[in-house]
Amino acid sequence: MSRRLPSTAALLALEAAARHQSFAKAAQELSLSEAAISRQIAKLEEFLGMRLFHRVGNRVELSAHGAGYASQIRASLADIERHTLQLIAGSRGITSLEIGVIPTLASRWLIPRLTRFQERHPEIEINLRERTHPFSLEESGLHAAINFDYPIWHTLKVQPLFAEPMVAVCHPRLASQSPQSMPLLHKLASPYTWPRYAVLAGLPLSSDPTGPTYDRYALLIEAAKAGIGMALVPGRYVEEELQGGKLVAPWPAIAELCEHYVLVTRPDMETSSALEKFERWLLEEAKAE
């Protein structure tokens, strides 16, 4: 029985056009003409029998159906690419591991240490995938995740890595500003961290809960370096900035206020030799801290 599938070219055009919200930018990315992208989308819409984009003057906007379909196709294309790269790597005697990781932890802690793993295990390739929120490891296609210790992981194998104390940091020119008047920077997913810090540190911080919010610690750190306000971040993320004088920590450090990082794997998945080696190495690195 023949499969009812659209062409790969049409799906690639959809994914790029949906991501950019522009046929012109999709054409530039795929080295095609804008007219070619438009034709591929038109063929796909005819195949599906529905509009994926609304044409508004010179602009295009995804329809509700188009947005949902594009998201699903993006995930499917990523899976195809991952399986393809794993097959190619396997043909060269290399085992690939897909690891989901918090971006800031990856850039400031994991990646600087990966050369040690590569030197020990040159036959294993570590591919890092950005994950900033809790997610279903079973449905992700990842071998493991390095993330915060969320309750969602309770059915999985969770191995503690380290607990990182939080420190309050700001630009040096703000260091002498009183706690009551200091503008506070907030992490979007942690709205209660500053009130808890105020109680534990015994500081009369501003009772105003409003203030700039940021998705990631990396953005909080950059905002603090720019002098926008005081940020509460894991200490190891700002070691370099503190040593170089780009940031200062004028307020007390509270040992009870920590971020807990864990390695998460699936107990129902057959553990490969490569994953066992990565787990062993990662736990050694965390213990050495």
# chains A, B, ... in the order shown; residues from 1 in each chain; ligands from 1
call {"tool": "residues_around", "arguments": {"residues": "A:Ala10", "least_positions_apart": "6", "cutoff": "8 Å", "atoms": "only C-alpha atoms", "output": "PyMOL selection string"}}
result
chain A and resi 40-41+43-44
call {"tool": "closest_atom_pairs", "arguments": {"of": "stretch 82-152 of chain A", "to": "stretch 259-264 of chain A", "cutoff": "12 Å", "atoms": "only C-alpha atoms", "output": "tab-separated table"}}
result
residue	atom	partner	partner_atom	distance
A:Ile99	CA	A:Val264	CA	9.8
A:Gly100	CA	A:Val264	CA	9.5
A:Val101	CA	A:Leu263	CA	9.5
A:Ile102	CA	A:Tyr261	CA	9.8
A:Leu105	CA	A:Tyr261	CA	9.4
A:Ala106	CA	A:Tyr261	CA	11.9
A:Trp109	CA	A:Tyr261	CA	11.7
A:Pro134	CA	A:Val264	CA	11.3
A:Phe135	CA	A:Val264	CA	11.3
A:Ser136	CA	A:Val264	CA	11.0
A:Leu137	CA	A:Val264	CA	8.4
A:Glu138	CA	A:Val264	CA	11.0
A:Leu142	CA	A:Val264	CA	10.3
A:His143	CA	A:Val264	CA	8.9
A:Ala144	CA	A:Val264	CA	5.5
A:Ala145	CA	A:Val264	CA	5.1
A:Ile146	CA	A:Leu263	CA	4.7
A:Asn147	CA	A:Tyr261	CA	5.6
A:Phe148	CA	A:Tyr261	CA	4.6
A:Asp149	CA	A:His260	CA	5.7
A:Tyr150	CA	A:His260	CA	9.1
A:Pro151	CA	A:Val262	CA	11.7
A:Ile152	CA	A:Val264	CA	10.7
call {"tool": "select_by_dssp", "arguments": {"residues": "stretch 30-229 of chain A", "states": "strand (DSSP E)", "output": "ChimeraX atom specification"}}
result
/A:53-56,59-62,95-101,124-130,144-148,157-169,186-187,213-214
call {"tool": "write_last_selection", "arguments": {"atoms": "N, CA and C atoms", "output": "short mmCIF file (atom, residue, chain, number, x, y, z; two decimals), in the first residue's frame"}}
result
data_model
loop_
_atom_site.label_atom_id
_atom_site.label_comp_id
_atom_site.auth_asym_id
_atom_site.auth_seq_id
_atom_site.Cartn_x
_atom_site.Cartn_y
_atom_site.Cartn_z
N PHE A 53 -0.86 28.92 5.52
CA PHE A 53 -0.47 30.32 5.70
C PHE A 53 -1.58 31.23 5.20
N HIS A 54 -1.73 32.36 5.86
CA HIS A 54 -2.59 33.43 5.36
C HIS A 54 -1.68 34.47 4.71
N ARG A 55 -2.00 34.90 3.51
CA ARG A 55 -1.24 35.94 2.84
C ARG A 55 -1.83 37.29 3.21
N VAL A 56 -1.04 38.14 3.85
CA VAL A 56 -1.49 39.47 4.27
C VAL A 56 -0.57 40.49 3.61
N ARG A 59 3.20 40.00 3.48
CA ARG A 59 3.57 39.15 4.61
C ARG A 59 2.79 37.83 4.57
N VAL A 60 3.28 36.85 5.32
CA VAL A 60 2.56 35.59 5.50
C VAL A 60 2.44 35.31 6.99
N GLU A 61 1.31 34.75 7.36
CA GLU A 61 1.08 34.38 8.75
C GLU A 61 0.58 32.95 8.80
N LEU A 62 1.09 32.18 9.74
CA LEU A 62 0.65 30.79 9.88
C LEU A 62 -0.82 30.74 10.31
N THR A 95 30.00 6.08 18.55
CA THR A 95 28.67 6.03 19.16
C THR A 95 28.26 7.43 19.57
N SER A 96 27.07 7.84 19.15
CA SER A 96 26.57 9.18 19.49
C SER A 96 25.60 9.10 20.66
N LEU A 97 25.71 10.04 21.58
CA LEU A 97 24.77 10.18 22.69
C LEU A 97 24.09 11.54 22.58
N GLU A 98 22.77 11.55 22.74
CA GLU A 98 21.99 12.78 22.71
C GLU A 98 21.67 13.17 24.14
N ILE A 99 22.21 14.30 24.59
CA ILE A 99 22.06 14.72 25.99
C ILE A 99 21.33 16.06 26.03
N GLY A 100 20.22 16.11 26.73
CA GLY A 100 19.50 17.37 26.93
C GLY A 100 20.09 18.11 28.12
N VAL A 101 20.36 19.39 27.98
CA VAL A 101 21.06 20.11 29.05
C VAL A 101 20.60 21.56 29.12
N ILE A 124 33.25 8.02 21.46
CA ILE A 124 31.90 8.45 21.84
C ILE A 124 31.73 9.93 21.51
N GLU A 125 30.66 10.24 20.80
CA GLU A 125 30.35 11.61 20.42
C GLU A 125 29.17 12.11 21.26
N ILE A 126 29.37 13.26 21.93
CA ILE A 126 28.32 13.83 22.78
C ILE A 126 27.64 14.97 22.03
N ASN A 127 26.36 14.81 21.75
CA ASN A 127 25.56 15.85 21.12
C ASN A 127 24.67 16.49 22.18
N LEU A 128 24.77 17.80 22.33
CA LEU A 128 24.02 18.51 23.35
C LEU A 128 22.78 19.16 22.75
N ARG A 129 21.66 18.99 23.42
CA ARG A 129 20.38 19.57 22.99
C ARG A 129 19.84 20.45 24.11
N GLU A 130 19.47 21.67 23.75
CA GLU A 130 19.01 22.64 24.74
C GLU A 130 17.65 22.25 25.31
N ALA A 144 19.72 11.00 27.79
CA ALA A 144 19.80 11.45 29.17
C ALA A 144 19.57 12.96 29.21
N ALA A 145 19.36 13.46 30.41
CA ALA A 145 19.20 14.90 30.60
C ALA A 145 19.99 15.34 31.82
N ILE A 146 20.58 16.52 31.73
CA ILE A 146 21.23 17.17 32.87
C ILE A 146 20.41 18.41 33.15
N ASN A 147 19.71 18.41 34.29
CA ASN A 147 18.73 19.45 34.52
C ASN A 147 18.56 19.68 36.01
N PHE A 148 17.62 20.56 36.35
CA PHE A 148 17.27 20.77 37.75
C PHE A 148 16.49 19.56 38.25
N LYS A 157 15.30 7.36 36.49
CA LYS A 157 16.51 7.20 37.29
C LYS A 157 17.17 8.57 37.45
N VAL A 158 17.23 9.06 38.67
CA VAL A 158 17.76 10.40 38.95
C VAL A 158 19.00 10.27 39.83
N GLN A 159 20.12 10.77 39.33
CA GLN A 159 21.38 10.72 40.09
C GLN A 159 21.84 12.15 40.39
N PRO A 160 21.96 12.50 41.68
CA PRO A 160 22.39 13.86 42.03
C PRO A 160 23.80 14.15 41.51
N LEU A 161 23.99 15.36 41.01
CA LEU A 161 25.31 15.81 40.58
C LEU A 161 25.91 16.74 41.63
N PHE A 162 25.28 17.88 41.85
CA PHE A 162 25.74 18.80 42.89
C PHE A 162 24.64 19.80 43.22
N ALA A 163 24.75 20.37 44.40
CA ALA A 163 23.87 21.46 44.81
C ALA A 163 24.68 22.74 44.77
N GLU A 164 24.20 23.72 44.03
CA GLU A 164 24.96 24.95 43.83
C GLU A 164 24.33 26.11 44.59
N PRO A 165 25.03 26.65 45.61
CA PRO A 165 24.50 27.81 46.36
C PRO A 165 24.30 29.02 45.46
N MET A 166 23.25 29.76 45.74
CA MET A 166 22.94 30.97 44.99
C MET A 166 23.66 32.17 45.60
N VAL A 167 24.10 33.09 44.74
CA VAL A 167 24.74 34.31 45.21
C VAL A 167 24.07 35.51 44.56
N ALA A 168 23.99 36.59 45.30
CA ALA A 168 23.41 37.83 44.79
C ALA A 168 24.54 38.68 44.21
N VAL A 169 24.45 39.00 42.92
CA VAL A 169 25.53 39.72 42.26
C VAL A 169 24.99 40.94 41.53
N HIS A 186 14.62 39.16 38.15
CA HIS A 186 13.92 37.92 38.48
C HIS A 186 14.08 36.87 37.39
N LYS A 187 14.16 35.60 37.81
CA LYS A 187 14.11 34.48 36.87
C LYS A 187 12.65 34.06 36.75
N THR A 213 12.14 40.43 34.25
CA THR A 213 12.22 38.97 34.36
C THR A 213 12.96 38.40 33.15
N TYR A 214 13.66 37.29 33.37
CA TYR A 214 14.47 36.67 32.33
C TYR A 214 14.26 35.16 32.36
#
call {"tool": "atom_distance", "arguments": {"atom1": "atom CA of A:Pro252", "atom2": "atom CA of A:Leu110"}}
result
27.2 Å
call {"tool": "residues_around", "arguments": {"residues": "A:Gly245", "least_positions_apart": "5", "cutoff": "12 Å", "atoms": "only C-alpha atoms", "output": "list of chain:residue names"}}
result
A:Val169, A:Cys170, A:His171, A:Pro172, A:Arg173, A:Ala175, A:Lys225, A:Val238, A:Glu239, A:Glu240
call {"tool": "write_last_selection", "arguments": {"atoms": "all heavy atoms", "output": "short mmCIF file (atom, residue, chain, number, x, y, z; two decimals), in the first residue's frame"}}
result
data_model
loop_
_atom_site.label_atom_id
_atom_site.label_comp_id
_atom_site.auth_asym_id
_atom_site.auth_seq_id
_atom_site.Cartn_x
_atom_site.Cartn_y
_atom_site.Cartn_z
N VAL A 169 24.45 39.00 42.92
CA VAL A 169 25.53 39.72 42.26
C VAL A 169 24.99 40.94 41.53
O VAL A 169 23.83 40.98 41.10
CB VAL A 169 26.28 38.81 41.26
CG1 VAL A 169 26.98 37.68 41.97
CG2 VAL A 169 25.32 38.25 40.20
N CYS A 170 25.86 41.95 41.41
CA CYS A 170 25.48 43.17 40.69
C CYS A 170 26.73 43.83 40.13
O CYS A 170 27.86 43.42 40.42
CB CYS A 170 24.75 44.14 41.63
SG CYS A 170 25.79 44.81 42.95
N HIS A 171 26.53 44.87 39.34
CA HIS A 171 27.65 45.66 38.82
C HIS A 171 28.31 46.39 39.99
O HIS A 171 27.64 46.81 40.93
CB HIS A 171 27.12 46.67 37.79
CG HIS A 171 28.21 47.35 37.02
ND1 HIS A 171 28.92 48.41 37.54
CD2 HIS A 171 28.69 47.13 35.77
CE1 HIS A 171 29.81 48.82 36.63
NE2 HIS A 171 29.69 48.05 35.56
N PRO A 172 29.65 46.54 39.96
CA PRO A 172 30.34 47.21 41.08
C PRO A 172 29.78 48.58 41.44
O PRO A 172 29.78 48.96 42.62
CB PRO A 172 31.79 47.31 40.58
CG PRO A 172 31.94 46.17 39.64
CD PRO A 172 30.61 46.02 38.96
N ARG A 173 29.26 49.34 40.48
CA ARG A 173 28.77 50.67 40.80
C ARG A 173 27.48 50.65 41.62
O ARG A 173 27.10 51.66 42.21
CB ARG A 173 28.56 51.49 39.53
CG ARG A 173 27.39 51.10 38.67
CD ARG A 173 27.12 52.15 37.58
NE ARG A 173 26.03 51.79 36.70
CZ ARG A 173 26.16 51.13 35.57
NH1 ARG A 173 27.37 50.76 35.17
NH2 ARG A 173 25.10 50.83 34.83
N ALA A 175 27.09 48.38 44.13
CA ALA A 175 27.39 47.62 45.34
C ALA A 175 27.01 48.32 46.63
O ALA A 175 26.63 47.68 47.61
CB ALA A 175 28.88 47.25 45.36
N LYS A 225 25.55 42.45 34.77
CA LYS A 225 26.79 43.05 34.28
C LYS A 225 26.53 44.42 33.65
O LYS A 225 27.40 45.30 33.68
CB LYS A 225 27.47 42.12 33.28
CG LYS A 225 28.11 40.90 33.92
CD LYS A 225 28.43 39.81 32.90
CE LYS A 225 29.39 40.28 31.84
NZ LYS A 225 29.73 39.16 30.91
N VAL A 238 29.09 32.46 37.82
CA VAL A 238 29.66 33.81 37.80
C VAL A 238 31.06 33.85 38.40
O VAL A 238 31.56 34.92 38.74
CB VAL A 238 28.74 34.81 38.54
CG1 VAL A 238 27.48 35.08 37.73
CG2 VAL A 238 28.38 34.32 39.94
N GLU A 239 31.73 32.71 38.53
CA GLU A 239 33.08 32.69 39.10
C GLU A 239 34.02 33.60 38.32
O GLU A 239 34.79 34.38 38.91
CB GLU A 239 33.60 31.26 39.11
CG GLU A 239 32.93 30.35 40.13
CD GLU A 239 33.40 28.91 40.03
OE1 GLU A 239 34.05 28.57 39.01
OE2 GLU A 239 33.12 28.14 40.95
N GLU A 240 33.97 33.51 37.00
CA GLU A 240 34.89 34.30 36.16
C GLU A 240 34.60 35.79 36.30
O GLU A 240 35.53 36.60 36.40
CB GLU A 240 34.75 33.86 34.71
CG GLU A 240 35.72 34.53 33.76
CD GLU A 240 35.62 33.97 32.35
OE1 GLU A 240 35.36 32.76 32.20
OE2 GLU A 240 35.79 34.76 31.40
#
call {"tool": "select_by_dssp", "arguments": {"residues": "stretch 15-86 of chain A", "states": "helix (DSSP H, G or I)", "output": "ChimeraX atom specification"}}
result
/A:15-20,23-30,34-48,64-86
call {"tool": "write_last_selection", "arguments": {"atoms": "N, CA and C atoms", "output": "short mmCIF file (atom, residue, chain, number, x, y, z; two decimals), in the first residue's frame"}}
result
data_model
loop_
_atom_site.label_atom_id
_atom_site.label_comp_id
_atom_site.auth_asym_id
_atom_site.auth_seq_id
_atom_site.Cartn_x
_atom_site.Cartn_y
_atom_site.Cartn_z
N GLU A 15 8.75 24.05 7.15
CA GLU A 15 9.45 24.22 8.42
C GLU A 15 10.22 25.54 8.45
N ALA A 16 10.94 25.84 7.38
CA ALA A 16 11.73 27.07 7.34
C ALA A 16 10.83 28.30 7.29
N ALA A 17 9.78 28.27 6.47
CA ALA A 17 8.88 29.41 6.35
C ALA A 17 8.14 29.66 7.66
N ALA A 18 7.75 28.60 8.35
CA ALA A 18 7.05 28.74 9.63
C ALA A 18 7.98 29.32 10.69
N ARG A 19 9.22 28.87 10.71
CA ARG A 19 10.18 29.35 11.70
C ARG A 19 10.50 30.81 11.50
N HIS A 20 10.65 31.22 10.25
CA HIS A 20 11.00 32.61 9.94
C HIS A 20 9.79 33.52 9.79
N PHE A 23 8.55 33.80 3.62
CA PHE A 23 8.98 32.98 2.49
C PHE A 23 10.35 33.42 2.00
N ALA A 24 10.63 34.72 2.07
CA ALA A 24 11.91 35.24 1.58
C ALA A 24 13.07 34.71 2.41
N LYS A 25 12.92 34.72 3.74
CA LYS A 25 14.00 34.23 4.60
C LYS A 25 14.16 32.72 4.48
N ALA A 26 13.02 32.02 4.30
CA ALA A 26 13.10 30.57 4.09
C ALA A 26 13.85 30.27 2.80
N ALA A 27 13.57 31.04 1.76
CA ALA A 27 14.25 30.86 0.48
C ALA A 27 15.75 31.08 0.61
N GLN A 28 16.12 32.12 1.36
CA GLN A 28 17.55 32.41 1.57
C GLN A 28 18.22 31.27 2.31
N GLU A 29 17.57 30.72 3.33
CA GLU A 29 18.16 29.63 4.11
C GLU A 29 18.33 28.37 3.28
N LEU A 30 17.35 28.07 2.42
CA LEU A 30 17.37 26.83 1.65
C LEU A 30 18.00 27.00 0.26
N GLU A 34 12.25 32.77 -3.74
CA GLU A 34 11.02 32.94 -2.98
C GLU A 34 9.84 32.31 -3.71
N ALA A 35 9.85 32.39 -5.04
CA ALA A 35 8.78 31.78 -5.83
C ALA A 35 8.77 30.26 -5.65
N ALA A 36 9.96 29.66 -5.53
CA ALA A 36 10.03 28.21 -5.35
C ALA A 36 9.43 27.81 -4.00
N ILE A 37 9.72 28.60 -2.96
CA ILE A 37 9.14 28.33 -1.65
C ILE A 37 7.61 28.45 -1.72
N SER A 38 7.14 29.49 -2.37
CA SER A 38 5.70 29.70 -2.50
C SER A 38 5.04 28.53 -3.23
N ARG A 39 5.70 28.02 -4.27
CA ARG A 39 5.13 26.89 -5.02
C ARG A 39 5.08 25.63 -4.16
N GLN A 40 6.15 25.40 -3.37
CA GLN A 40 6.16 24.21 -2.51
C GLN A 40 5.05 24.28 -1.46
N ILE A 41 4.86 25.47 -0.88
CA ILE A 41 3.80 25.62 0.13
C ILE A 41 2.43 25.44 -0.52
N ALA A 42 2.25 25.99 -1.73
CA ALA A 42 0.97 25.85 -2.44
C ALA A 42 0.68 24.37 -2.74
N LYS A 43 1.69 23.62 -3.16
CA LYS A 43 1.51 22.19 -3.42
C LYS A 43 1.15 21.44 -2.15
N LEU A 44 1.80 21.82 -1.05
CA LEU A 44 1.52 21.16 0.23
C LEU A 44 0.10 21.47 0.69
N GLU A 45 -0.32 22.71 0.54
CA GLU A 45 -1.68 23.08 0.92
C GLU A 45 -2.71 22.34 0.06
N GLU A 46 -2.41 22.18 -1.22
CA GLU A 46 -3.31 21.43 -2.11
C GLU A 46 -3.37 19.96 -1.69
N PHE A 47 -2.21 19.42 -1.34
CA PHE A 47 -2.13 18.02 -0.90
C PHE A 47 -2.96 17.80 0.36
N LEU A 48 -2.88 18.75 1.30
CA LEU A 48 -3.57 18.63 2.58
C LEU A 48 -5.03 19.08 2.51
N ALA A 64 -3.90 28.46 12.15
CA ALA A 64 -3.86 27.60 13.34
C ALA A 64 -3.43 26.19 12.95
N HIS A 65 -3.98 25.68 11.84
CA HIS A 65 -3.57 24.35 11.37
C HIS A 65 -2.09 24.35 10.98
N GLY A 66 -1.66 25.43 10.33
CA GLY A 66 -0.27 25.50 9.89
C GLY A 66 0.71 25.51 11.04
N ALA A 67 0.37 26.23 12.11
CA ALA A 67 1.27 26.31 13.26
C ALA A 67 1.44 24.95 13.92
N GLY A 68 0.33 24.25 14.11
CA GLY A 68 0.42 22.93 14.75
C GLY A 68 1.16 21.92 13.88
N TYR A 69 0.86 21.93 12.59
CA TYR A 69 1.50 20.98 11.68
C TYR A 69 2.99 21.26 11.55
N ALA A 70 3.36 22.55 11.45
CA ALA A 70 4.77 22.91 11.33
C ALA A 70 5.56 22.48 12.55
N SER A 71 4.97 22.61 13.73
CA SER A 71 5.64 22.18 14.96
C SER A 71 5.90 20.68 14.95
N GLN A 72 4.90 19.91 14.51
CA GLN A 72 5.06 18.45 14.45
C GLN A 72 6.09 18.05 13.40
N ILE A 73 6.07 18.72 12.27
CA ILE A 73 7.02 18.41 11.20
C ILE A 73 8.45 18.76 11.63
N ARG A 74 8.60 19.88 12.36
CA ARG A 74 9.93 20.27 12.84
C ARG A 74 10.52 19.17 13.72
N ALA A 75 9.71 18.63 14.63
CA ALA A 75 10.19 17.56 15.50
C ALA A 75 10.52 16.30 14.70
N SER A 76 9.70 15.98 13.71
CA SER A 76 9.95 14.79 12.89
C SER A 76 11.22 14.94 12.06
N LEU A 77 11.44 16.12 11.48
CA LEU A 77 12.66 16.35 10.71
C LEU A 77 13.90 16.27 11.59
N ALA A 78 13.77 16.77 12.83
CA ALA A 78 14.90 16.69 13.76
C ALA A 78 15.22 15.24 14.10
N ASP A 79 14.17 14.41 14.24
CA ASP A 79 14.39 12.99 14.51
C ASP A 79 15.09 12.31 13.32
N ILE A 80 14.64 12.62 12.12
CA ILE A 80 15.25 12.03 10.93
C ILE A 80 16.72 12.43 10.84
N GLU A 81 16.99 13.71 11.08
CA GLU A 81 18.38 14.18 11.03
C GLU A 81 19.23 13.48 12.09
N ARG A 82 18.68 13.35 13.31
CA ARG A 82 19.42 12.72 14.39
C ARG A 82 19.73 11.27 14.06
N HIS A 83 18.72 10.53 13.57
CA HIS A 83 18.95 9.12 13.23
C HIS A 83 19.96 8.99 12.10
N THR A 84 19.93 9.90 11.16
CA THR A 84 20.87 9.87 10.04
C THR A 84 22.30 10.09 10.52
N LEU A 85 22.47 11.10 11.37
CA LEU A 85 23.81 11.40 11.88
C LEU A 85 24.33 10.26 12.75
N GLN A 86 23.43 9.63 13.53
CA GLN A 86 23.85 8.50 14.35
C GLN A 86 24.30 7.33 13.49
#
call {"tool": "decode", "arguments": {"residues": "stretch 58-134 of chain A", "atoms": "C-alpha atoms", "output": "PDB file, in the first residue's frame"}}
result
ATOM      1  CA  ASN A  58       3.582  41.131   1.376  1.00  0.00           C
ATOM      2  CA  ARG A  59       3.570  39.147   4.612  1.00  0.00           C
ATOM      3  CA  VAL A  60       2.561  35.591   5.498  1.00  0.00           C
ATOM      4  CA  GLU A  61       1.077  34.378   8.754  1.00  0.00           C
ATOM      5  CA  LEU A  62       0.646  30.793   9.883  1.00  0.00           C
ATOM      6  CA  SER A  63      -2.919  29.550  10.207  1.00  0.00           C
ATOM      7  CA  ALA A  64      -3.860  27.603  13.339  1.00  0.00           C
ATOM      8  CA  HIS A  65      -3.573  24.354  11.368  1.00  0.00           C
ATOM      9  CA  GLY A  66      -0.273  25.505   9.886  1.00  0.00           C
ATOM     10  CA  ALA A  67       1.267  26.313  13.260  1.00  0.00           C
ATOM     11  CA  GLY A  68       0.419  22.930  14.747  1.00  0.00           C
ATOM     12  CA  TYR A  69       1.497  20.979  11.679  1.00  0.00           C
ATOM     13  CA  ALA A  70       4.770  22.915  11.328  1.00  0.00           C
ATOM     14  CA  SER A  71       5.643  22.182  14.962  1.00  0.00           C
ATOM     15  CA  GLN A  72       5.061  18.449  14.452  1.00  0.00           C
ATOM     16  CA  ILE A  73       7.023  18.406  11.202  1.00  0.00           C
ATOM     17  CA  ARG A  74       9.927  20.269  12.838  1.00  0.00           C
ATOM     18  CA  ALA A  75      10.187  17.557  15.501  1.00  0.00           C
ATOM     19  CA  SER A  76       9.950  14.790  12.891  1.00  0.00           C
ATOM     20  CA  LEU A  77      12.662  16.352  10.706  1.00  0.00           C
ATOM     21  CA  ALA A  78      14.896  16.691  13.763  1.00  0.00           C
ATOM     22  CA  ASP A  79      14.387  12.985  14.509  1.00  0.00           C
ATOM     23  CA  ILE A  80      15.250  12.029  10.927  1.00  0.00           C
ATOM     24  CA  GLU A  81      18.379  14.179  11.028  1.00  0.00           C
ATOM     25  CA  ARG A  82      19.423  12.719  14.389  1.00  0.00           C
ATOM     26  CA  HIS A  83      18.948   9.120  13.234  1.00  0.00           C
ATOM     27  CA  THR A  84      20.866   9.866  10.038  1.00  0.00           C
ATOM     28  CA  LEU A  85      23.809  11.397  11.881  1.00  0.00           C
ATOM     29  CA  GLN A  86      23.849   8.503  14.352  1.00  0.00           C
ATOM     30  CA  LEU A  87      23.977   6.003  11.473  1.00  0.00           C
ATOM     31  CA  ILE A  88      26.818   7.887   9.779  1.00  0.00           C
ATOM     32  CA  ALA A  89      28.726   8.133  13.064  1.00  0.00           C
ATOM     33  CA  GLY A  90      28.142   4.424  13.716  1.00  0.00           C
ATOM     34  CA  SER A  91      29.620   3.534  10.330  1.00  0.00           C
ATOM     35  CA  ARG A  92      32.815   5.304  11.444  1.00  0.00           C
ATOM     36  CA  GLY A  93      32.940   3.332  14.697  1.00  0.00           C
ATOM     37  CA  ILE A  94      31.599   6.247  16.741  1.00  0.00           C
ATOM     38  CA  THR A  95      28.669   6.028  19.160  1.00  0.00           C
ATOM     39  CA  SER A  96      26.569   9.176  19.491  1.00  0.00           C
ATOM     40  CA  LEU A  97      24.766  10.180  22.687  1.00  0.00           C
ATOM     41  CA  GLU A  98      21.989  12.782  22.706  1.00  0.00           C
ATOM     42  CA  ILE A  99      22.055  14.725  25.985  1.00  0.00           C
ATOM     43  CA  GLY A 100      19.503  17.372  26.928  1.00  0.00           C
ATOM     44  CA  VAL A 101      21.057  20.109  29.048  1.00  0.00           C
ATOM     45  CA  ILE A 102      20.337  23.541  30.507  1.00  0.00           C
ATOM     46  CA  PRO A 103      22.111  26.042  28.209  1.00  0.00           C
ATOM     47  CA  THR A 104      23.867  28.050  30.928  1.00  0.00           C
ATOM     48  CA  LEU A 105      25.071  24.928  32.737  1.00  0.00           C
ATOM     49  CA  ALA A 106      26.305  23.568  29.420  1.00  0.00           C
ATOM     50  CA  SER A 107      28.271  26.677  28.449  1.00  0.00           C
ATOM     51  CA  ARG A 108      29.699  27.476  31.891  1.00  0.00           C
ATOM     52  CA  TRP A 109      30.334  24.025  33.351  1.00  0.00           C
ATOM     53  CA  LEU A 110      29.857  21.031  31.043  1.00  0.00           C
ATOM     54  CA  ILE A 111      31.425  22.123  27.751  1.00  0.00           C
ATOM     55  CA  PRO A 112      34.716  23.337  29.309  1.00  0.00           C
ATOM     56  CA  ARG A 113      35.120  19.805  30.749  1.00  0.00           C
ATOM     57  CA  LEU A 114      34.103  17.776  27.705  1.00  0.00           C
ATOM     58  CA  THR A 115      37.619  17.672  26.293  1.00  0.00           C
ATOM     59  CA  ARG A 116      38.549  15.419  29.226  1.00  0.00           C
ATOM     60  CA  PHE A 117      35.772  13.018  28.250  1.00  0.00           C
ATOM     61  CA  GLN A 118      36.832  13.099  24.589  1.00  0.00           C
ATOM     62  CA  GLU A 119      40.420  12.311  25.521  1.00  0.00           C
ATOM     63  CA  ARG A 120      39.266   9.316  27.559  1.00  0.00           C
ATOM     64  CA  HIS A 121      36.595   8.101  25.097  1.00  0.00           C
ATOM     65  CA  PRO A 122      37.318   9.307  21.543  1.00  0.00           C
ATOM     66  CA  GLU A 123      34.884   6.693  20.221  1.00  0.00           C
ATOM     67  CA  ILE A 124      31.896   8.453  21.842  1.00  0.00           C
ATOM     68  CA  GLU A 125      30.349  11.614  20.419  1.00  0.00           C
ATOM     69  CA  ILE A 126      28.322  13.829  22.780  1.00  0.00           C
ATOM     70  CA  ASN A 127      25.555  15.851  21.122  1.00  0.00           C
ATOM     71  CA  LEU A 128      24.017  18.510  23.354  1.00  0.00           C
ATOM     72  CA  ARG A 129      20.384  19.566  22.988  1.00  0.00           C
ATOM     73  CA  GLU A 130      19.012  22.643  24.744  1.00  0.00           C
ATOM     74  CA  ARG A 131      16.293  21.956  27.332  1.00  0.00           C
ATOM     75  CA  THR A 132      15.248  24.770  29.680  1.00  0.00           C
ATOM     76  CA  HIS A 133      12.038  23.365  31.184  1.00  0.00           C
ATOM     77  CA  PRO A 134      10.789  19.998  32.485  1.00  0.00           C
TER      78      PRO A 134
END
